[in-house]
$ cat protein11.txt   # compact mmCIF, C-alpha atoms and all ligand atoms
# COMPACT_ATOMS: atom_id res chain seq x y z
CA MET Z 1 -11.38 5.91 -5.81
CA ASN Z 2 -9.15 5.05 -2.89
CA SER Z 3 -9.82 7.82 -0.36
CA ASN Z 4 -7.46 6.58 2.35
CA ILE Z 5 -4.94 9.25 3.19
CA LEU Z 6 -1.73 8.86 5.12
CA LEU Z 7 -0.75 12.09 6.83
CA VAL Z 8 2.86 12.34 8.03
CA GLU Z 9 3.15 15.55 10.02
CA ASP Z 10 4.61 16.38 13.41
CA GLU Z 11 2.66 19.49 14.35
CA PRO Z 12 -0.17 18.21 16.57
CA GLY Z 13 -2.39 21.23 15.91
CA LEU Z 14 -2.09 20.87 12.16
CA VAL Z 15 -2.64 17.11 12.34
CA LEU Z 16 -5.84 17.68 14.29
CA THR Z 17 -7.15 20.36 11.95
CA LEU Z 18 -6.28 18.43 8.80
CA THR Z 19 -7.62 15.14 10.09
CA ASP Z 20 -10.93 16.67 11.15
CA ARG Z 21 -11.38 18.54 7.94
CA LEU Z 22 -10.41 15.67 5.64
CA ARG Z 23 -12.65 13.27 7.54
CA SER Z 24 -15.56 15.67 7.28
CA GLU Z 25 -15.00 15.57 3.52
CA GLY Z 26 -15.40 11.80 3.59
CA TYR Z 27 -11.74 10.74 3.46
CA SER Z 28 -10.28 8.33 5.93
CA VAL Z 29 -7.09 9.61 7.46
CA GLU Z 30 -4.30 7.94 9.31
CA SER Z 31 -1.59 10.06 10.83
CA LEU Z 32 2.03 9.53 11.80
CA TYR Z 33 4.05 12.07 13.76
CA ASP Z 34 7.39 10.46 13.18
CA GLY Z 35 9.03 9.99 9.81
CA SER Z 36 10.91 6.82 10.68
CA GLU Z 37 7.89 4.54 10.27
CA ALA Z 38 6.42 6.31 7.28
CA VAL Z 39 7.94 4.16 4.53
CA GLU Z 40 6.88 0.93 6.15
CA ARG Z 41 3.42 2.23 6.89
CA ALA Z 42 2.95 3.58 3.39
CA THR Z 43 4.02 0.33 1.77
CA ARG Z 44 1.94 -1.95 3.93
CA ASP Z 45 -1.44 -0.44 3.28
CA HIS Z 46 -3.43 0.91 0.44
CA PHE Z 47 -3.34 4.66 0.50
CA GLY Z 48 -4.73 6.81 -2.26
CA LEU Z 49 -2.57 9.74 -1.19
CA ILE Z 50 0.31 10.54 1.14
CA ILE Z 51 0.54 14.02 2.64
CA LEU Z 52 4.13 14.42 3.70
CA ASP Z 53 5.72 17.16 5.76
CA VAL Z 54 9.33 17.97 4.84
CA MET Z 55 10.67 18.62 8.34
CA LEU Z 56 9.96 15.58 10.48
CA PRO Z 57 11.55 13.81 13.41
CA GLY Z 58 13.05 10.42 12.60
CA LYS Z 59 13.21 10.73 8.85
CA GLY Z 60 12.60 13.75 6.66
CA GLY Z 61 9.91 14.06 4.02
CA PHE Z 62 12.35 14.22 1.10
CA GLU Z 63 14.02 11.04 2.20
CA ILE Z 64 10.69 9.26 2.67
CA CYS Z 65 9.48 10.37 -0.74
CA GLN Z 66 12.69 9.28 -2.42
CA GLU Z 67 12.63 5.88 -0.74
CA LEU Z 68 9.05 5.26 -1.76
CA ARG Z 69 9.73 6.14 -5.36
CA GLU Z 70 12.90 4.05 -5.45
CA ARG Z 71 10.86 1.10 -4.25
CA GLY Z 72 8.43 1.59 -7.08
CA PHE Z 73 5.50 3.14 -5.26
CA THR Z 74 3.43 5.44 -7.40
CA THR Z 75 0.98 6.59 -4.72
CA PRO Z 76 0.52 10.36 -5.17
CA ILE Z 77 2.53 12.43 -2.69
CA LEU Z 78 1.65 15.96 -1.61
CA MET Z 79 4.52 17.61 0.24
CA LEU Z 80 4.09 20.26 2.91
CA THR Z 81 6.78 22.60 4.06
CA ALA Z 82 7.21 25.62 6.23
CA ARG Z 83 10.03 26.79 4.09
CA THR Z 84 9.34 28.99 1.13
CA GLN Z 85 12.48 28.50 -0.91
CA MET Z 86 11.98 27.45 -4.47
CA THR Z 87 14.82 24.98 -4.08
CA ASP Z 88 12.61 22.90 -1.80
CA LYS Z 89 9.86 22.85 -4.33
CA VAL Z 90 12.20 21.86 -7.11
CA LYS Z 91 13.83 19.21 -4.96
CA GLY Z 92 10.48 17.77 -3.90
CA LEU Z 93 9.19 17.46 -7.42
CA LYS Z 94 12.50 16.12 -8.71
CA ILE Z 95 12.49 13.22 -6.29
CA GLY Z 96 8.98 12.26 -7.24
CA ALA Z 97 6.49 14.29 -5.21
CA ASP Z 98 3.36 15.07 -7.22
CA ASP Z 99 2.49 18.38 -5.68
CA TYR Z 100 3.70 20.85 -3.13
CA LEU Z 101 2.09 23.22 -0.64
CA THR Z 102 3.85 25.85 1.45
CA LYS Z 103 2.72 26.48 5.01
CA PRO Z 104 0.66 28.29 6.02
CA PHE Z 105 -1.93 27.31 3.42
CA GLU Z 106 -5.65 27.77 3.04
CA MET Z 107 -7.66 24.68 3.83
CA ALA Z 108 -9.61 25.12 0.59
CA GLU Z 109 -6.33 25.04 -1.33
CA LEU Z 110 -5.27 21.83 0.37
CA LEU Z 111 -8.64 20.19 -0.26
CA ALA Z 112 -8.48 21.11 -3.94
CA ARG Z 113 -5.01 19.57 -4.27
CA VAL Z 114 -6.05 16.46 -2.38
CA GLU Z 115 -9.06 15.94 -4.58
CA ALA Z 116 -7.06 16.46 -7.76
CA LEU Z 117 -4.32 14.05 -6.69
CA LEU Z 118 -6.77 11.35 -5.63
CA ARG Z 119 -8.60 11.64 -8.91
CA ARG Z 120 -5.36 11.49 -10.85
CA GLY Z 121 -4.32 8.46 -8.82
CA SER Z 122 -7.51 6.57 -9.54
CA ARG Z 123 -7.31 7.40 -13.25
CA THR Z 124 -3.84 5.97 -13.64
CA GLY Z 125 -4.89 2.91 -11.68
CA SER Z 126 -2.30 3.40 -8.97
CA ASP Z 127 -4.85 2.52 -6.36
CA GLY Z 128 -2.47 0.30 -4.50
CA PRO Z 129 1.28 0.07 -4.36
CA ASP Z 130 3.15 -1.38 -7.32
CA PHE Z 131 5.23 -3.53 -5.00
CA TYR Z 132 4.74 -5.33 -1.74
CA ASP Z 133 7.67 -6.48 0.36
CA PHE Z 134 7.15 -9.17 2.97
CA GLY Z 135 10.41 -10.45 4.44
CA PRO Z 136 12.19 -12.27 1.58
CA LEU Z 137 9.25 -11.77 -0.75
CA ARG Z 138 8.75 -8.98 -3.23
CA ILE Z 139 5.48 -8.96 -5.12
CA ASP Z 140 5.34 -6.79 -8.22
CA MET Z 141 1.64 -6.12 -8.66
CA ARG Z 142 1.97 -4.24 -11.93
CA HIS Z 143 3.91 -6.96 -13.72
CA SER Z 144 2.42 -9.89 -11.80
CA GLU Z 145 5.81 -11.15 -10.74
CA VAL Z 146 7.08 -12.54 -7.47
CA PHE Z 147 10.66 -12.61 -6.22
CA ARG Z 148 11.94 -14.61 -3.30
CA ASN Z 149 15.31 -13.50 -1.94
CA GLY Z 150 15.74 -11.66 -5.21
CA ALA Z 151 15.15 -14.67 -7.42
CA PRO Z 152 12.03 -14.89 -9.57
CA ALA Z 153 9.40 -17.35 -8.36
CA SER Z 154 7.42 -18.78 -11.22
CA LEU Z 155 3.71 -18.58 -10.46
CA SER Z 156 0.84 -19.60 -12.68
CA THR Z 157 -1.77 -16.96 -13.49
CA LYS Z 158 -4.20 -18.48 -11.03
CA GLU Z 159 -1.59 -18.73 -8.29
CA PHE Z 160 -0.78 -15.06 -8.75
CA GLN Z 161 -4.47 -14.10 -8.71
CA LEU Z 162 -4.92 -16.03 -5.48
CA LEU Z 163 -1.83 -14.44 -3.94
CA ARG Z 164 -2.96 -10.97 -5.01
CA TYR Z 165 -6.36 -11.54 -3.45
CA LEU Z 166 -4.85 -12.82 -0.21
CA ILE Z 167 -2.49 -9.84 -0.01
CA GLU Z 168 -5.21 -7.33 -0.79
CA HIS Z 169 -7.23 -8.79 2.06
CA ARG Z 170 -4.29 -9.50 4.32
CA GLY Z 171 -4.99 -9.96 7.99
CA LYS Z 172 -8.52 -11.09 7.21
CA THR Z 173 -9.63 -14.72 7.30
CA LEU Z 174 -11.00 -15.74 3.92
CA THR Z 175 -13.18 -18.80 3.57
CA ARG Z 176 -12.60 -21.31 0.76
CA ASP Z 177 -16.00 -20.41 -0.69
CA GLU Z 178 -15.12 -16.72 -0.70
CA LEU Z 179 -11.81 -17.44 -2.44
CA LEU Z 180 -13.51 -19.67 -5.00
CA LYS Z 181 -16.11 -17.04 -5.74
CA ASP Z 182 -13.71 -14.11 -6.00
CA VAL Z 183 -10.60 -15.71 -7.47
CA TRP Z 184 -12.06 -18.46 -9.64
CA GLY Z 185 -15.50 -16.98 -10.28
CA TYR Z 186 -18.76 -18.85 -10.19
CA SER Z 187 -18.65 -20.16 -13.74
CA SER Z 188 -15.88 -22.70 -13.35
CA ALA Z 189 -17.33 -23.94 -10.03
CA PRO Z 190 -14.42 -26.11 -8.95
CA SER Z 191 -14.42 -27.73 -5.54
CA THR Z 192 -12.98 -26.15 -2.43
CA ARG Z 193 -10.19 -28.69 -2.78
CA THR Z 194 -8.93 -26.52 -5.66
CA VAL Z 195 -8.25 -23.73 -3.18
CA ASP Z 196 -6.27 -26.05 -0.91
CA VAL Z 197 -4.19 -27.32 -3.81
CA HIS Z 198 -3.33 -23.81 -5.00
CA VAL Z 199 -2.49 -22.71 -1.46
CA ALA Z 200 -0.14 -25.68 -1.17
CA TRP Z 201 1.55 -24.73 -4.45
CA LEU Z 202 1.93 -21.13 -3.35
CA ARG Z 203 3.48 -22.23 -0.08
CA GLN Z 204 5.95 -24.44 -1.92
CA LYS Z 205 7.05 -21.47 -3.97
CA LEU Z 206 6.98 -18.73 -1.36
CA GLU Z 207 7.47 -20.08 2.12
CA ASP Z 208 10.81 -20.99 3.69
CA ASP Z 209 9.11 -24.00 5.25
CA PRO Z 210 5.85 -24.83 3.48
CA LYS Z 211 4.83 -26.98 6.44
CA GLN Z 212 5.24 -24.06 8.83
CA PRO Z 213 3.96 -21.22 6.68
CA LYS Z 214 4.67 -17.68 7.82
CA TYR Z 215 2.58 -15.86 5.27
CA ILE Z 216 -0.26 -18.02 4.02
CA ILE Z 217 -1.78 -19.20 7.25
CA THR Z 218 -4.47 -21.83 7.73
CA VAL Z 219 -7.24 -20.68 10.02
CA HIS Z 220 -8.60 -23.99 11.22
CA GLY Z 221 -12.22 -24.60 10.45
CA GLN Z 222 -12.46 -21.28 8.62
CA GLY Z 223 -10.10 -20.78 5.72
CA TYR Z 224 -6.89 -18.92 4.97
CA LYS Z 225 -5.31 -15.66 5.90
CA PHE Z 226 -2.30 -13.76 4.59
CA SER Z 227 -0.20 -12.64 7.51
CA SER Z 228 2.21 -9.77 7.01
CA CA T 1 7.32 19.59 10.61
$ encode --input "protein11.txt" --output "structure tokens"
Amino acid sequence: MNSNILLVEDEPGLVLTLTDRLRSEGYSVESLYDGSEAVERATRDHFGLIILDVMLPGKGGFEICQELRERGFTTPILMLTARTQMTDKVKGLKIGADDYLTKPFEMAELLARVEALLRRGSRTGSDGPDFYDFGPLRIDMRHSEVFRNGAPASLSTKEFQLLRYLIEHRGKTLTRDELLKDVWGYSSAPSTRTVDVHVAWLRQKLEDDPKQPKYIITVHGQGYKFSS
């Protein structure tokens, strides 16, 4: 189960209380006070749940929720609001929020919702986002498809598996041996040259200039890294 939670809330007191409590329950929590970065943040990392306040500076919770859903993200969203009108609840659920809690709420109530949503998320396999967007690239994880400037890039199964692995470990340097073990598996035992060849193919298909790659970076003497 992915127990990383993104909390988008602008009340410092509530952020502190929620963060402390959720962490003490074993979740990892990242918080944002401003709504304007929420979509980018939510789409760049693997969150099991997004707790989203409706009234936010920068960009409102409804707008954030709608944008995420329009971009294909299925990460569960729990919306928080100070308002009690039913119209908010209906609106939130209509644009794709999974659950809704009206402030003030009991911590036990919030924890129960969080647990239920995380469990639901892990059951449906929506552990990570369905799509990743990196500059001109869109990677559709569910359908194993890649688009560059909107046009489909034709990747072999192995190329896509390698790309997926690099993206899921983005920012981290991965050695050729690690990639061989985790992407190819021990049984086939190809040489580390296989990794280099597949990286070169991926760069041809994805990078603007394969000789000056922006995404699949060589870390000299160590391996490769996906840079987002
Ligand atoms: Ca607020």
$ residues_around --input "protein11.txt" --residues "Leu22 in chain Z" --least-positions-apart "2" --cutoff "12 Å" --atoms "all atoms listed in the file" --output "PyMOL selection string"
chain Z and resi 3-7+14-20+24-31+49+51+107-108+110-115
$ closest_residue --input "protein11.txt" --among "Z:Gly35, Z:Gly48, Z:Pro210, Z:Pro12" --to "Pro129 in chain Z" --atoms "all atoms listed in the file"
Z:Gly48
$ residues_around --input "protein11.txt" --residues "Met79 in chain Z" --least-positions-apart "3" --cutoff "7 Å" --atoms "all atoms listed in the file" --output "ChimeraX atom specification"
/Z:51-54,97,99-101
$ residues_near_ligand --input "protein11.txt" --ligand "ligand CA 1 (chain T)" --cutoff "8 Å" --atoms "only C-alpha atoms and all ligand atoms" --output "list in words"
Glu9, Asp10, Glu11, Asp53, Val54, Met55, Leu56, Pro57, Thr81 and Ala82 of chain Z
$ write_last_selection --input "protein11.txt" --atoms "C-alpha atoms" --output "CSV table (one decimal), keeping the file's coordinate frame"
chain,number,residue,atom,x,y,z
Z,9,GLU,CA,3.2,15.6,10.0
Z,10,ASP,CA,4.6,16.4,13.4
Z,11,GLU,CA,2.7,19.5,14.4
Z,53,ASP,CA,5.7,17.2,5.8
Z,54,VAL,CA,9.3,18.0,4.8
Z,55,MET,CA,10.7,18.6,8.3
Z,56,LEU,CA,10.0,15.6,10.5
Z,57,PRO,CA,11.6,13.8,13.4
Z,81,THR,CA,6.8,22.6,4.1
Z,82,ALA,CA,7.2,25.6,6.2
$ residues_around --input "protein11.txt" --residues "range 131-146 of chain Z" --least-positions-apart "5" --cutoff "7 Å" --atoms "all atoms listed in the file" --output "PyMOL selection string"
chain Z and resi 43+72-73+152-153+160+228
$ atom_distance --input "protein11.txt" --atom1 "CA of Thr75 in chain Z" --atom2 "CA of Leu93 in chain Z"
13.9 Å
$ closest_residue --input "protein11.txt" --among "Z:Leu202, Z:Ile50, Z:Leu80, Z:Met1" --to "Thr102 in chain Z" --atoms "all atoms listed in the file"
Z:Leu80
$ residues_around --input "protein11.txt" --residues "Ser191 in chain Z" --least-positions-apart "2" --cutoff "9 Å" --atoms "all atoms listed in the file" --output "PyMOL selection string"
chain Z and resi 177+180+189+193-195
$ write_last_selection --input "protein11.txt" --atoms "C-alpha atoms" --output "PDB file, in the coordinates of the input"
ATOM      1  CA  ASP Z 177     -16.000 -20.410  -0.690  1.00  0.00           C
ATOM      2  CA  LEU Z 180     -13.510 -19.670  -5.000  1.00  0.00           C
ATOM      3  CA  ALA Z 189     -17.330 -23.940 -10.030  1.00  0.00           C
ATOM      4  CA  ARG Z 193     -10.190 -28.690  -2.780  1.00  0.00           C
ATOM      5  CA  THR Z 194      -8.930 -26.520  -5.660  1.00  0.00           C
ATOM      6  CA  VAL Z 195      -8.250 -23.730  -3.180  1.00  0.00           C
TER       7      VAL Z 195
END
$ atom_distance --input "protein11.txt" --atom1 "CA of Asp209 in chain Z" --atom2 "CA of Glu40 in chain Z"
25.0 Å
$ atom_distance --input "protein11.txt" --atom1 "CA of Arg203 in chain Z" --atom2 "CA of Tyr215 in chain Z"
8.4 Å
$ residues_around --input "protein11.txt" --residues "Val183 in chain Z" --least-positions-apart "4" --cutoff "10 Å" --atoms "only C-alpha atoms" --output "list in words"
Lys158, Glu159, Phe160, Gln161, Leu162, Leu163, Arg164, Tyr165, Leu166, Asp177, Glu178, Leu179 and Val195 of chain Z
$ closest_residue --input "protein11.txt" --among "Z:Glu67, Z:Asp98, Z:Asp196, Z:Asp130" --to "Ile216 in chain Z" --atoms "all atoms listed in the file"
Z:Asp196
$ closest_residue --input "protein11.txt" --among "Z:Ile77, Z:Leu155, Z:Ile217, Z:Ala38" --to "Leu118 in chain Z" --atoms "all atoms listed in the file"
Z:Ile77
